[in-house]
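K.L.:
Below is the structure I would like to discuss, written out as structure tokens.
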Amino acid sequence: MSETKADGAASDGPWIPLESNPEVLTQWAVKAGLVESQAHFEDIYGLDSDLLGMVSQPVKAVILLFPITEIYEQRRREEDLRIVTEGQQAVDPTLFWIKQTISNACGTMALLHSMINSDITFAPESPIQKFIDICKDKTPEERAKILETTPLFANIHANAASGGQTAVPTNLDTDLHFTTFVRAPSPLSRDEGTSSHDVLRLVELDGRRAGPIDRGPSKDILQDVAKFVRNVYVAHTASVQFSMIALCGGPSPE
């Protein structure tokens, strides 16, 4: 599954929504350039400690699929406006973030945000490594334009979207959306002479938002994301259309 239509969508048409399935995401990632010995995706089966304890460590990023509701959209617009007008806790400027302009591309956006902002190695000359090299000094909007016009990921996305366990929908409009959570050093720690790795922040990366969003200090990404999702996402809807997938270090245990 995937997302609602992105604000200001500017491609030739919507992509096929990606299924929230670790096998599908790993298939996409390997074709894009992930070295299988480096990392893999796996399901997070619930938000309580016992189920979180089943996830392989280390966890490098978490991808959340959630329903877009009227309440969520109102809160999103209000928070984005507040961040634009009032600012927020400083976010690591080296984080790689892309503005989303392609409808139903949020699965690919989540994969790029999770993988590029994790300490994993990609195959030389692979699509994702080429994309990183091309976009190195580009703005989020320029990266979005490159994503729109390059064939690097469109075919990978289409193949992965067609290879899931559910049939490809005939109606590509959907009200589900992917977002990504990563950890990054606090820029303030550098100014204060503190080791940046001692002051890590949880950051949400969503191409529909105004930019990367600081979600507070983080000592354990899995526990911190679970708490945030429970309090901010799940608490405000009766929907059960949530799923979470972790990007974990090392090869798949299966």
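In the structure tokens, the first chain shown is A, the next is B, and so on; residue numbers restart at 1 for each chain, and ligands run from 1 in the order shown.
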Using DSSP on the backbone coordinates, identify the residues of stretch 46-177 of chain A assigned to helix (DSSP H, G or I); present them as number ranges by chain.
P.N.:
A: 49-52, 70-86, 106-116, 127-135, 140-149, 154-162
K.L.:
Restricting the output to C-alpha atoms, write the selected residues as a PDB file, in the first residue's frame.
P.N.:
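Contents of selection15.pdb, as written:
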ATOM      1  CA  SER A  49       8.254  -4.221  24.329  1.00  0.00           C
ATOM      2  CA  ASP A  50       7.982  -7.979  23.733  1.00  0.00           C
ATOM      3  CA  LEU A  51       7.159  -7.540  20.039  1.00  0.00           C
ATOM      4  CA  LEU A  52       9.787  -4.835  19.603  1.00  0.00           C
ATOM      5  CA  GLU A  70      -8.817  14.807   7.944  1.00  0.00           C
ATOM      6  CA  ILE A  71      -7.519  15.166  11.511  1.00  0.00           C
ATOM      7  CA  TYR A  72      -4.011  14.186  10.416  1.00  0.00           C
ATOM      8  CA  GLU A  73      -4.081  16.611   7.482  1.00  0.00           C
ATOM      9  CA  GLN A  74      -5.159  19.483   9.725  1.00  0.00           C
ATOM     10  CA  ARG A  75      -2.415  18.705  12.248  1.00  0.00           C
ATOM     11  CA  ARG A  76       0.151  18.357   9.441  1.00  0.00           C
ATOM     12  CA  ARG A  77      -0.689  21.759   7.976  1.00  0.00           C
ATOM     13  CA  GLU A  78      -0.630  23.417  11.395  1.00  0.00           C
ATOM     14  CA  GLU A  79       2.712  21.861  12.358  1.00  0.00           C
ATOM     15  CA  ASP A  80       4.312  22.682   9.007  1.00  0.00           C
ATOM     16  CA  LEU A  81       3.150  26.299   9.281  1.00  0.00           C
ATOM     17  CA  ARG A  82       4.515  26.532  12.818  1.00  0.00           C
ATOM     18  CA  ILE A  83       7.884  25.126  11.743  1.00  0.00           C
ATOM     19  CA  VAL A  84       8.098  27.506   8.768  1.00  0.00           C
ATOM     20  CA  THR A  85       7.110  30.588  10.787  1.00  0.00           C
ATOM     21  CA  GLU A  86       8.600  29.819  14.217  1.00  0.00           C
ATOM     22  CA  CYS A 106       6.072   7.733  -0.957  1.00  0.00           C
ATOM     23  CA  GLY A 107       7.265   4.111  -0.726  1.00  0.00           C
ATOM     24  CA  THR A 108      10.309   4.922  -2.823  1.00  0.00           C
ATOM     25  CA  MET A 109      10.784   8.166  -0.869  1.00  0.00           C
ATOM     26  CA  ALA A 110      10.718   6.226   2.419  1.00  0.00           C
ATOM     27  CA  LEU A 111      13.240   3.722   1.094  1.00  0.00           C
ATOM     28  CA  LEU A 112      15.593   6.433  -0.129  1.00  0.00           C
ATOM     29  CA  HIS A 113      15.293   8.401   3.109  1.00  0.00           C
ATOM     30  CA  SER A 114      15.923   5.322   5.262  1.00  0.00           C
ATOM     31  CA  MET A 115      18.821   3.897   3.276  1.00  0.00           C
ATOM     32  CA  ILE A 116      20.711   7.075   2.354  1.00  0.00           C
ATOM     33  CA  PRO A 127      21.135   3.455  -9.123  1.00  0.00           C
ATOM     34  CA  ILE A 128      21.088   4.682  -5.529  1.00  0.00           C
ATOM     35  CA  GLN A 129      24.799   5.534  -5.525  1.00  0.00           C
ATOM     36  CA  LYS A 130      24.384   7.412  -8.813  1.00  0.00           C
ATOM     37  CA  PHE A 131      21.401   9.288  -7.372  1.00  0.00           C
ATOM     38  CA  ILE A 132      23.396  10.275  -4.269  1.00  0.00           C
ATOM     39  CA  ASP A 133      26.281  11.515  -6.425  1.00  0.00           C
ATOM     40  CA  ILE A 134      23.970  13.503  -8.715  1.00  0.00           C
ATOM     41  CA  CYS A 135      22.022  15.030  -5.825  1.00  0.00           C
ATOM     42  CA  PRO A 140      15.277  19.024  -1.903  1.00  0.00           C
ATOM     43  CA  GLU A 141      13.216  20.469  -4.765  1.00  0.00           C
ATOM     44  CA  GLU A 142      16.007  19.858  -7.282  1.00  0.00           C
ATOM     45  CA  ARG A 143      16.334  16.278  -6.022  1.00  0.00           C
ATOM     46  CA  ALA A 144      12.586  15.850  -6.563  1.00  0.00           C
ATOM     47  CA  LYS A 145      12.924  17.042 -10.157  1.00  0.00           C
ATOM     48  CA  ILE A 146      15.768  14.601 -10.748  1.00  0.00           C
ATOM     49  CA  LEU A 147      13.628  11.796  -9.302  1.00  0.00           C
ATOM     50  CA  GLU A 148      10.808  12.801 -11.659  1.00  0.00           C
ATOM     51  CA  THR A 149      12.977  12.826 -14.765  1.00  0.00           C
ATOM     52  CA  ALA A 154      10.737   4.323 -11.742  1.00  0.00           C
ATOM     53  CA  ASN A 155      11.224   0.832 -13.180  1.00  0.00           C
ATOM     54  CA  ILE A 156      12.510  -0.564  -9.884  1.00  0.00           C
ATOM     55  CA  HIS A 157       9.456   0.871  -8.136  1.00  0.00           C
ATOM     56  CA  ALA A 158       7.058  -0.520 -10.757  1.00  0.00           C
ATOM     57  CA  ASN A 159       8.589  -4.004 -10.596  1.00  0.00           C
ATOM     58  CA  ALA A 160       8.509  -4.064  -6.797  1.00  0.00           C
ATOM     59  CA  ALA A 161       4.943  -2.697  -6.688  1.00  0.00           C
ATOM     60  CA  SER A 162       3.787  -5.423  -9.077  1.00  0.00           C
TER      61      SER A 162
END
K.L.:
Near stretch 251-254 of chain A, counting only C-alpha atoms, which residues have an atom at most 12 Å away, once you skip same-chain residues fewer than 2 positions from it, shown as a list in words?
P.N.:
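Once the adjacent positions are removed, what remains is Pro22, Glu23, Thr26, Val30, Leu34, Val35, Glu36, Ser37, Gln38, Ala39, His40, Phe41, Glu42, Asp43, Met54, Val55, Ser56, Gln57, Pro58, Ile120, Ala246, Leu247, Cys248 and Gly249 of chain A.
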K.L.:
Find the residue from A:Val229, A:Val91, A:Ala32, A:Ile44 that sits nearest to A:Glu125; use only C-alpha atoms when measuring.
P.N.:
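Among the listed residues, the smallest separation from A:Glu125 belongs to A:Ala32.
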K.L.:
Using backbone DSSP assignments, extract all strand (DSSP E) residues from stretch 59-158 of chain A; output them as a list in words.
P.N.:
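After running DSSP on the backbone, stretch 59-158 of chain A has strand (DSSP E) at Val59, Lys60, Ala61, Val62, Ile63, Leu64, Leu65, Phe66 and Pro67 of chain A.
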K.L.:
Filtering to all heavy atoms, could you give me those residues as a CSV table (one decimal), in the first residue's frame?
P.N.:
chain,number,residue,atom,x,y,z
A,59,VAL,N,18.9,-1.6,14.7
A,59,VAL,CA,17.9,-0.9,13.8
A,59,VAL,C,18.4,0.4,13.4
A,59,VAL,O,18.8,1.2,14.2
A,59,VAL,CB,16.5,-0.8,14.6
A,59,VAL,CG1,15.6,0.0,13.7
A,59,VAL,CG2,15.9,-2.1,14.9
A,60,LYS,N,18.4,0.6,12.1
A,60,LYS,CA,19.0,1.8,11.5
A,60,LYS,C,17.9,2.9,11.1
A,60,LYS,O,18.2,4.1,11.1
A,60,LYS,CB,19.8,1.5,10.3
A,60,LYS,CG,21.0,0.6,10.6
A,60,LYS,CD,21.8,0.2,9.4
A,60,LYS,CE,23.1,-0.6,9.7
A,60,LYS,NZ,24.1,0.2,10.5
A,61,ALA,N,16.7,2.4,10.8
A,61,ALA,CA,15.6,3.3,10.4
A,61,ALA,C,14.3,2.6,10.6
A,61,ALA,O,14.3,1.3,10.6
A,61,ALA,CB,15.8,3.8,9.0
A,62,VAL,N,13.2,3.3,10.7
A,62,VAL,CA,11.9,2.7,10.8
A,62,VAL,C,11.0,3.4,9.7
A,62,VAL,O,11.0,4.6,9.7
A,62,VAL,CB,11.3,2.9,12.2
A,62,VAL,CG1,9.9,2.3,12.2
A,62,VAL,CG2,12.2,2.1,13.2
A,63,ILE,N,10.3,2.6,9.0
A,63,ILE,CA,9.3,3.1,8.0
A,63,ILE,C,7.9,2.8,8.5
A,63,ILE,O,7.6,1.7,8.9
A,63,ILE,CB,9.5,2.4,6.6
A,63,ILE,CG1,10.9,2.8,6.0
A,63,ILE,CG2,8.4,2.7,5.7
A,63,ILE,CD1,11.2,2.1,4.7
A,64,LEU,N,7.1,3.8,8.5
A,64,LEU,CA,5.7,3.7,9.0
A,64,LEU,C,4.8,3.9,7.9
A,64,LEU,O,4.9,4.9,7.1
A,64,LEU,CB,5.5,4.8,10.1
A,64,LEU,CG,4.0,5.0,10.5
A,64,LEU,CD1,3.5,3.8,11.3
A,64,LEU,CD2,3.8,6.3,11.3
A,65,LEU,N,3.8,3.0,7.7
A,65,LEU,CA,2.6,3.2,6.8
A,65,LEU,C,1.4,3.5,7.7
A,65,LEU,O,1.1,2.8,8.6
A,65,LEU,CB,2.4,1.9,6.0
A,65,LEU,CG,1.2,2.0,5.1
A,65,LEU,CD1,1.5,2.9,3.9
A,65,LEU,CD2,0.8,0.6,4.6
A,66,PHE,N,0.8,4.6,7.4
A,66,PHE,CA,-0.3,5.1,8.2
A,66,PHE,C,-1.5,5.7,7.3
A,66,PHE,O,-1.2,6.1,6.2
A,66,PHE,CB,0.2,6.2,9.2
A,66,PHE,CG,0.6,7.4,8.6
A,66,PHE,CD1,-0.3,8.5,8.4
A,66,PHE,CD2,1.9,7.6,8.1
A,66,PHE,CE1,0.2,9.7,7.8
A,66,PHE,CE2,2.3,8.8,7.5
A,66,PHE,CZ,1.5,9.8,7.4
A,67,PRO,N,-2.7,5.7,7.9
A,67,PRO,CA,-3.8,6.3,7.1
A,67,PRO,C,-3.8,7.8,7.2
A,67,PRO,O,-3.6,8.4,8.3
A,67,PRO,CB,-5.0,5.7,7.8
A,67,PRO,CG,-4.6,5.5,9.2
A,67,PRO,CD,-3.1,5.1,9.2
K.L.:
For atom CA of A:Pro217 and atom CA of A:Leu200, determine how far apart the two atoms are, in Å to one decimal place.
P.N.:
6.0 Å
K.L.:
To one decimal place in Å, what is the distance between atom CA of A:Ile245 and atom CA of A:Pro187?
P.N.:
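Distance between the two atoms: 27.5 Å.
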K.L.:
Tell me, in Å to one decimal, how far atom CA of A:Arg230 is from atom CA of A:Arg183.
P.N.:
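If I compute the distance from atom CA of A:Arg230 to atom CA of A:Arg183, I get 18.3 Å.
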K.L.:
Identify which of the residues A:Ser186, A:Thr179, A:Ser243, A:Asn21 lies closest to A:Gly207, counting only C-alpha atoms when measuring atom-to-atom distances.
P.N.:
A:Thr179
